[in-house]
>>> print(open('model39.cif').read())   # mmCIF, C-alpha atoms
data_structure
loop_
_atom_site.group_PDB
_atom_site.id
_atom_site.type_symbol
_atom_site.label_atom_id
_atom_site.label_comp_id
_atom_site.auth_asym_id
_atom_site.auth_seq_id
_atom_site.Cartn_x
_atom_site.Cartn_y
_atom_site.Cartn_z
ATOM 1 C CA ALA A 45 11.566 -11.650 16.088
ATOM 2 C CA GLN A 46 9.055 -9.283 14.524
ATOM 3 C CA HIS A 47 10.430 -9.856 11.020
ATOM 4 C CA ALA A 48 10.295 -13.623 11.618
ATOM 5 C CA PHE A 49 6.645 -13.212 12.645
ATOM 6 C CA LEU A 50 5.886 -11.263 9.466
ATOM 7 C CA LEU A 51 7.676 -13.765 7.262
ATOM 8 C CA HIS A 52 5.665 -16.593 8.840
ATOM 9 C CA HIS A 53 2.391 -14.899 7.966
ATOM 10 C CA PHE A 54 3.457 -13.747 4.509
ATOM 11 C CA GLN A 55 4.528 -17.282 3.653
ATOM 12 C CA SER A 56 0.984 -18.532 4.306
ATOM 13 C CA LEU A 57 -0.070 -16.661 1.158
ATOM 14 C CA PRO A 58 0.886 -17.758 -2.370
ATOM 15 C CA PRO A 59 4.122 -15.839 -2.967
ATOM 16 C CA PRO A 60 3.815 -12.831 -5.271
ATOM 17 C CA THR A 61 6.757 -11.737 -7.395
ATOM 18 C CA ILE A 62 8.948 -9.614 -5.126
ATOM 19 C CA VAL A 63 10.912 -6.623 -6.364
ATOM 20 C CA SER A 64 14.572 -6.845 -5.401
ATOM 21 C CA PRO A 65 16.076 -3.883 -3.530
ATOM 22 C CA LYS A 66 18.823 -3.939 -6.172
ATOM 23 C CA ASP A 67 16.273 -2.562 -8.603
ATOM 24 C CA LYS A 68 16.521 0.771 -6.766
ATOM 25 C CA GLU A 69 13.048 1.794 -7.926
ATOM 26 C CA LYS A 70 13.932 1.287 -11.615
ATOM 27 C CA PRO A 71 11.004 0.156 -13.786
ATOM 28 C CA SER A 72 11.995 -3.523 -14.031
ATOM 29 C CA GLU A 73 9.738 -6.075 -15.711
ATOM 30 C CA THR A 74 8.400 -6.999 -12.263
ATOM 31 C CA MET A 75 7.605 -3.385 -11.391
ATOM 32 C CA LYS A 76 6.079 -2.838 -14.824
ATOM 33 C CA SER A 77 3.765 -5.788 -14.127
ATOM 34 C CA ILE A 78 2.747 -4.326 -10.761
ATOM 35 C CA LEU A 79 2.209 -0.868 -12.230
ATOM 36 C CA SER A 80 0.234 -2.382 -15.099
ATOM 37 C CA SER A 81 -2.124 -4.167 -12.686
ATOM 38 C CA THR A 82 -2.483 -0.928 -10.736
ATOM 39 C CA PHE A 83 -3.361 0.973 -13.900
ATOM 40 C CA ILE A 84 -5.913 -1.653 -14.922
ATOM 41 C CA ALA A 85 -7.553 -1.531 -11.480
ATOM 42 C CA LEU A 86 -7.667 2.261 -11.605
ATOM 43 C CA SER A 87 -9.219 2.134 -15.071
ATOM 44 C CA LEU A 88 -11.892 -0.263 -13.796
ATOM 45 C CA THR A 89 -12.654 2.011 -10.868
ATOM 46 C CA ARG A 90 -13.034 4.987 -13.201
ATOM 47 C CA ARG A 91 -15.478 2.959 -15.270
ATOM 48 C CA CYS A 92 -17.537 2.307 -12.142
ATOM 49 C CA SER A 93 -17.921 6.018 -11.525
ATOM 50 C CA SER A 94 -20.106 8.140 -13.785
ATOM 51 C CA ALA A 95 -17.835 11.091 -13.039
ATOM 52 C CA PHE A 96 -15.059 9.360 -14.936
ATOM 53 C CA LEU A 97 -17.043 8.071 -17.932
ATOM 54 C CA ALA A 98 -16.051 11.015 -20.079
ATOM 55 C CA THR A 99 -12.377 10.900 -19.166
ATOM 56 C CA ALA A 100 -11.515 7.176 -18.818
ATOM 57 C CA PRO A 101 -8.231 7.051 -20.759
ATOM 58 C CA CYS A 102 -8.290 3.573 -22.249
ATOM 59 C CA SER A 103 -11.464 1.577 -22.835
ATOM 60 C CA SER A 104 -9.411 -1.398 -24.032
ATOM 61 C CA PHE A 105 -8.430 -2.078 -20.419
ATOM 62 C CA LEU A 106 -12.067 -2.728 -19.413
ATOM 63 C CA LEU A 107 -12.191 -6.482 -18.840
ATOM 64 C CA SER A 108 -15.141 -8.785 -18.382
ATOM 65 C CA PRO A 109 -15.910 -9.912 -14.788
ATOM 66 C CA ASN A 110 -15.208 -13.488 -15.895
ATOM 67 C CA ASN A 111 -11.651 -12.620 -16.931
ATOM 68 C CA ILE A 112 -10.371 -10.460 -14.096
ATOM 69 C CA GLY A 113 -8.812 -11.368 -10.763
ATOM 70 C CA ALA A 114 -10.398 -11.103 -7.339
ATOM 71 C CA HIS A 115 -8.924 -7.679 -6.702
ATOM 72 C CA SER A 116 -10.103 -6.155 -9.976
ATOM 73 C CA ARG A 117 -13.524 -7.778 -9.607
ATOM 74 C CA SER A 118 -13.929 -6.168 -6.197
ATOM 75 C CA CYS A 119 -13.179 -2.801 -7.791
ATOM 76 C CA LEU A 120 -16.183 -3.263 -10.089
ATOM 77 C CA GLN A 121 -18.400 -3.729 -7.051
ATOM 78 C CA MET A 122 -17.229 -0.672 -5.146
ATOM 79 C CA SER A 123 -19.551 2.282 -4.835
ATOM 80 C CA SER A 124 -18.816 5.190 -7.136
ATOM 81 C CA SER A 125 -17.746 8.584 -5.937
ATOM 82 C CA SER A 126 -17.938 11.999 -7.540
ATOM 83 C CA SER A 127 -14.199 12.465 -7.143
ATOM 84 C CA PRO A 128 -11.258 10.358 -5.962
ATOM 85 C CA PRO A 129 -9.822 11.116 -2.512
ATOM 86 C CA GLN A 130 -6.826 13.396 -2.404
ATOM 87 C CA ILE A 131 -3.519 11.691 -1.637
ATOM 88 C CA ILE A 132 -1.342 14.117 0.307
ATOM 89 C CA SER A 133 2.432 13.992 -0.193
ATOM 90 C CA ILE A 134 4.626 14.962 2.754
ATOM 91 C CA ASN A 135 8.312 15.602 3.428
ATOM 92 C CA LYS A 136 10.694 14.245 6.058
ATOM 93 C CA SER A 137 9.842 16.893 8.653
ATOM 94 C CA GLN A 138 6.127 16.192 8.352
ATOM 95 C CA MET A 139 6.737 12.434 8.457
ATOM 96 C CA SER A 140 8.783 12.883 11.622
ATOM 97 C CA GLU A 141 5.861 14.704 13.252
ATOM 98 C CA ILE A 142 3.459 11.910 12.291
ATOM 99 C CA ILE A 143 5.782 9.213 13.632
ATOM 100 C CA THR A 144 6.231 11.142 16.872
ATOM 101 C CA ASP A 145 2.455 11.424 17.220
ATOM 102 C CA ALA A 146 2.016 7.697 16.546
ATOM 103 C CA GLU A 147 4.759 6.797 19.039
ATOM 104 C CA GLU A 148 3.220 8.973 21.737
ATOM 105 C CA SER A 149 -0.253 7.582 21.008
ATOM 106 C CA GLU A 150 0.777 3.932 20.744
ATOM 107 C CA GLY A 151 -1.689 1.795 22.654
ATOM 108 C CA THR A 152 -4.126 4.699 22.936
ATOM 109 C CA ASP A 153 -5.691 4.483 19.465
ATOM 110 C CA SER A 154 -3.519 6.743 17.317
ATOM 111 C CA LYS A 155 -5.311 8.261 14.350
ATOM 112 C CA TYR A 156 -2.409 7.192 12.114
ATOM 113 C CA THR A 157 -1.610 3.780 10.655
ATOM 114 C CA ILE A 158 1.858 3.927 9.089
ATOM 115 C CA ILE A 159 2.683 1.233 6.518
ATOM 116 C CA ASP A 160 6.047 0.559 4.856
ATOM 117 C CA VAL A 161 5.444 -1.207 1.525
ATOM 118 C CA ARG A 162 9.073 -2.172 0.926
ATOM 119 C CA ASN A 163 10.030 -5.835 0.936
ATOM 120 C CA VAL A 164 11.036 -7.438 4.222
ATOM 121 C CA ASP A 165 14.664 -7.860 3.138
ATOM 122 C CA GLU A 166 14.893 -4.158 2.301
ATOM 123 C CA ILE A 167 13.605 -3.251 5.752
ATOM 124 C CA ASN A 168 16.016 -5.705 7.358
ATOM 125 C CA TYR A 169 18.838 -3.936 5.542
ATOM 126 C CA THR A 170 18.004 -0.362 6.587
ATOM 127 C CA GLY A 171 15.972 -0.962 9.726
ATOM 128 C CA LYS A 172 12.447 0.330 10.286
ATOM 129 C CA LEU A 173 11.637 4.023 10.264
ATOM 130 C CA SER A 174 10.145 3.445 13.717
ATOM 131 C CA PRO A 175 8.777 0.529 15.743
ATOM 132 C CA VAL A 176 5.272 1.889 15.101
ATOM 133 C CA VAL A 177 5.654 1.477 11.317
ATOM 134 C CA HIS A 178 4.037 -1.716 9.984
ATOM 135 C CA THR A 179 5.388 -3.827 7.130
ATOM 136 C CA LEU A 180 3.109 -4.731 4.214
ATOM 137 C CA PRO A 181 4.950 -5.174 0.878
ATOM 138 C CA LEU A 182 3.299 -3.695 -2.199
ATOM 139 C CA PRO A 183 3.052 -7.014 -4.115
ATOM 140 C CA TYR A 184 0.676 -8.338 -1.438
ATOM 141 C CA ILE A 185 -1.422 -5.174 -1.607
ATOM 142 C CA ALA A 186 -1.558 -5.351 -5.408
ATOM 143 C CA GLN A 187 -2.363 -9.040 -5.772
ATOM 144 C CA TYR A 188 -4.488 -9.988 -2.735
ATOM 145 C CA ASN A 189 -6.888 -7.063 -2.229
ATOM 146 C CA VAL A 190 -5.655 -6.774 1.356
ATOM 147 C CA PHE A 191 -7.823 -3.755 2.170
ATOM 148 C CA GLY A 192 -10.873 -5.809 1.214
ATOM 149 C CA MET A 193 -10.009 -8.578 3.690
ATOM 150 C CA GLU A 194 -12.050 -9.170 6.821
ATOM 151 C CA ASP A 195 -10.461 -7.629 9.922
ATOM 152 C CA ASP A 196 -9.554 -10.990 11.482
ATOM 153 C CA GLU A 197 -8.032 -12.327 8.275
ATOM 154 C CA PHE A 198 -5.972 -9.170 7.778
ATOM 155 C CA GLU A 199 -4.580 -9.306 11.319
ATOM 156 C CA GLU A 200 -3.823 -13.024 11.032
ATOM 157 C CA GLN A 201 -1.922 -12.584 7.786
ATOM 158 C CA PHE A 202 -0.004 -9.377 8.497
ATOM 159 C CA GLY A 203 0.320 -9.138 12.268
ATOM 160 C CA PHE A 204 -1.391 -5.803 12.903
ATOM 161 C CA ASP A 205 -4.930 -4.458 13.015
ATOM 162 C CA LYS A 206 -6.547 -3.600 9.715
ATOM 163 C CA PRO A 207 -7.015 0.187 9.699
ATOM 164 C CA GLY A 208 -10.601 1.361 9.859
ATOM 165 C CA LEU A 209 -11.928 3.655 7.163
ATOM 166 C CA ASP A 210 -11.790 6.507 9.680
ATOM 167 C CA LYS A 211 -8.015 6.117 10.071
ATOM 168 C CA THR A 212 -5.364 8.193 8.325
ATOM 169 C CA ILE A 213 -3.099 5.771 6.455
ATOM 170 C CA VAL A 214 0.479 6.889 5.839
ATOM 171 C CA PHE A 215 2.444 4.954 3.211
ATOM 172 C CA THR A 216 6.210 4.904 2.808
ATOM 173 C CA CYS A 217 8.663 2.924 0.696
ATOM 174 C CA LYS A 218 12.153 3.529 -0.706
ATOM 175 C CA ALA A 219 11.583 6.692 -2.701
ATOM 176 C CA GLY A 220 7.845 7.388 -2.814
ATOM 177 C CA ILE A 221 6.958 5.386 -5.932
ATOM 178 C CA ARG A 222 5.600 2.122 -4.539
ATOM 179 C CA SER A 223 3.985 3.962 -1.635
ATOM 180 C CA MET A 224 1.988 6.110 -4.067
ATOM 181 C CA HIS A 225 0.637 3.015 -5.773
ATOM 182 C CA ALA A 226 -0.249 1.506 -2.393
ATOM 183 C CA ALA A 227 -2.077 4.749 -1.595
ATOM 184 C CA GLN A 228 -4.079 4.375 -4.808
ATOM 185 C CA PHE A 229 -5.153 0.870 -3.805
ATOM 186 C CA ALA A 230 -6.247 2.209 -0.409
ATOM 187 C CA ALA A 231 -8.253 4.928 -2.137
ATOM 188 C CA MET A 232 -10.020 2.327 -4.284
ATOM 189 C CA ALA A 233 -10.872 0.386 -1.111
ATOM 190 C CA GLY A 234 -12.721 3.383 0.331
ATOM 191 C CA TYR A 235 -10.102 5.132 2.484
ATOM 192 C CA THR A 236 -10.268 8.904 2.270
ATOM 193 C CA ASP A 237 -7.457 10.138 4.559
ATOM 194 C CA ILE A 238 -4.311 8.983 2.776
ATOM 195 C CA ILE A 239 -0.751 10.285 2.999
ATOM 196 C CA ASN A 240 2.306 9.380 0.927
ATOM 197 C CA TYR A 241 5.789 10.028 2.320
ATOM 198 C CA SER A 242 7.478 10.883 -0.971
ATOM 199 C CA GLY A 243 11.048 10.841 0.360
ATOM 200 C CA GLY A 244 10.898 7.277 1.635
ATOM 201 C CA SER A 245 13.740 5.444 3.322
ATOM 202 C CA ASP A 246 16.283 7.001 0.945
ATOM 203 C CA GLU A 247 15.571 10.396 2.500
ATOM 204 C CA TRP A 248 14.827 9.174 6.025
ATOM 205 C CA PHE A 249 18.136 7.393 6.558
ATOM 206 C CA ARG A 250 20.278 9.904 4.664
#
>>> encode(input="model39.cif", output="C-alpha cells")
Amino acid sequence: AQHAFLLHHFQSLPPPTIVSPKDKEKPSETMKSILSSTFIALSLTRRCSSAFLATAPCSSFLLSPNNIGAHSRSCLQMSSSSSPPQIISINKSQMSEIITDAEESEGTDSKYTIIDVRNVDEINYTGKLSPVVHTLPLPYIAQYNVFGMEDDEFEEQFGFDKPGLDKTIVFTCKAGIRSMHAAQFAAMAGYTDIINYSGGSDEWFR
C-alpha cells in the first residue's frame, strides 16, 4: 500500500529517466547523464562561493541563467559558504544504530530523516531497510530540486515531511554511489548534517 501511495505521487511529476536495477551501479548512459547534471550543479555552486573561485575545476561548465534548468538556477541564488559541509560515510553497524534510534523515536520527532534513493522497483525487490526509511529516487532529486520545494508541496509529492535544515539526513542506495550524489544535492540546498551509508542495500541484505 505504501509503495502504491508513493507511485501515485511520483506519477504526478513528469517522469525522469529511471536507472534500471539491472545496471548494478554501472555507469550507464542514464547514470552518466545524472552524474553530469550533478557535476554541473556542483560547479555552479562553487562559482557562487568566493572560496571556490581559485579552485573551480572547469569554467566551461558555467552556464548563463537563461540556459540552465530550475535546479541549477536555484544553485546560483544560494548563499555562499566558506566551505562545503562534510558528508560523513558510515558502515552497516553505524547505520543499524541510526535506524534503531529512528525506530525508537518514531512519532516523537527523531533527529534523523533516512532516505533511500533507489528506484521503487528496486526497493520492492529487496524490501525496505526499515519502515522508517523513506523512498525518494535520485532522478527526482536531481531533476526537480526537491529540497528547494515548499514543505507542503514536498509532502504532497513524496508522502513524508520535508526534513528541516536542523535535521540529520541519512542517504542510502544500492552501493553508496547514488546516495553520495543525493547527499551533495542536500548540501547545495543548505543542509549541514548529512550522512551517506556507503554499503547500501548490497551490504544491508547480505
>>> atom_distance(input="model39.cif", atom1="CA of Tyr188 (chain A)", atom2="CA of Tyr156 (chain A)")
22.8 Å
>>> residues_near_point(input="model39.cif", point="(12.4, 1.8, 12.3)", cutoff="12 Å", atoms="all atoms listed in the file", output="ChimeraX atom specification")
/A:46-47,140,143,147,158-160,166-179,216,245,248-249
>>> atom_distance(input="model39.cif", atom1="CA of Ser154 (chain A)", atom2="CA of Pro207 (chain A)")
10.6 Å
>>> residues_near_point(input="model39.cif", point="(-1.1, 10.4, 5.5)", cutoff="8 Å", atoms="only C-alpha atoms", output="list in words")
Ile131, Ile132, Ser133, Ile134, Tyr156, Ile158, Thr212, Ile213, Val214, Phe215, Asp237, Ile238, Ile239, Asn240 and Tyr241 of chain A
>>> closest_residue(input="model39.cif", among="A:Ser242, A:Asn189, A:Thr236, A:Gln130", to="Gly208 (chain A)", atoms="all atoms listed in the file")
A:Thr236
>>> atom_distance(input="model39.cif", atom1="CA of Gly192 (chain A)", atom2="CA of Asp210 (chain A)")
15.0 Å
>>> closest_residue(input="model39.cif", among="A:Lys206, A:Gly244, A:Val164, A:Glu197", to="Ala230 (chain A)", atoms="only C-alpha atoms")
A:Lys206
>>> resolve_selection(input="model39.cif", expression="the PyMOL selection byres ((chain A and resi 218) around 9)", output="list of chain:residue names")
A:Pro65, A:Lys68, A:Glu69, A:Asp160, A:Val161, A:Arg162, A:Glu166, A:Thr216, A:Cys217, A:Ala219, A:Gly220, A:Ile221, A:Arg222, A:Ser223, A:Ser242, A:Gly243, A:Gly244, A:Ser245, A:Asp246, A:Glu247
>>> write_last_selection(input="model39.cif", atoms="C-alpha atoms", output="compact mmCIF listing (two decimals), keeping the file's coordinate frame")
# COMPACT_ATOMS: atom_id res chain seq x y z
CA PRO A 65 16.08 -3.88 -3.53
CA LYS A 68 16.52 0.77 -6.77
CA GLU A 69 13.05 1.79 -7.93
CA ASP A 160 6.05 0.56 4.86
CA VAL A 161 5.44 -1.21 1.52
CA ARG A 162 9.07 -2.17 0.93
CA GLU A 166 14.89 -4.16 2.30
CA THR A 216 6.21 4.90 2.81
CA CYS A 217 8.66 2.92 0.70
CA ALA A 219 11.58 6.69 -2.70
CA GLY A 220 7.84 7.39 -2.81
CA ILE A 221 6.96 5.39 -5.93
CA ARG A 222 5.60 2.12 -4.54
CA SER A 223 3.98 3.96 -1.64
CA SER A 242 7.48 10.88 -0.97
CA GLY A 243 11.05 10.84 0.36
CA GLY A 244 10.90 7.28 1.64
CA SER A 245 13.74 5.44 3.32
CA ASP A 246 16.28 7.00 0.94
CA GLU A 247 15.57 10.40 2.50
>>> closest_residue(input="model39.cif", among="A:Lys136, A:Glu141, A:Met193, A:Ala186", to="Gln228 (chain A)", atoms="all atoms listed in the file")
A:Ala186
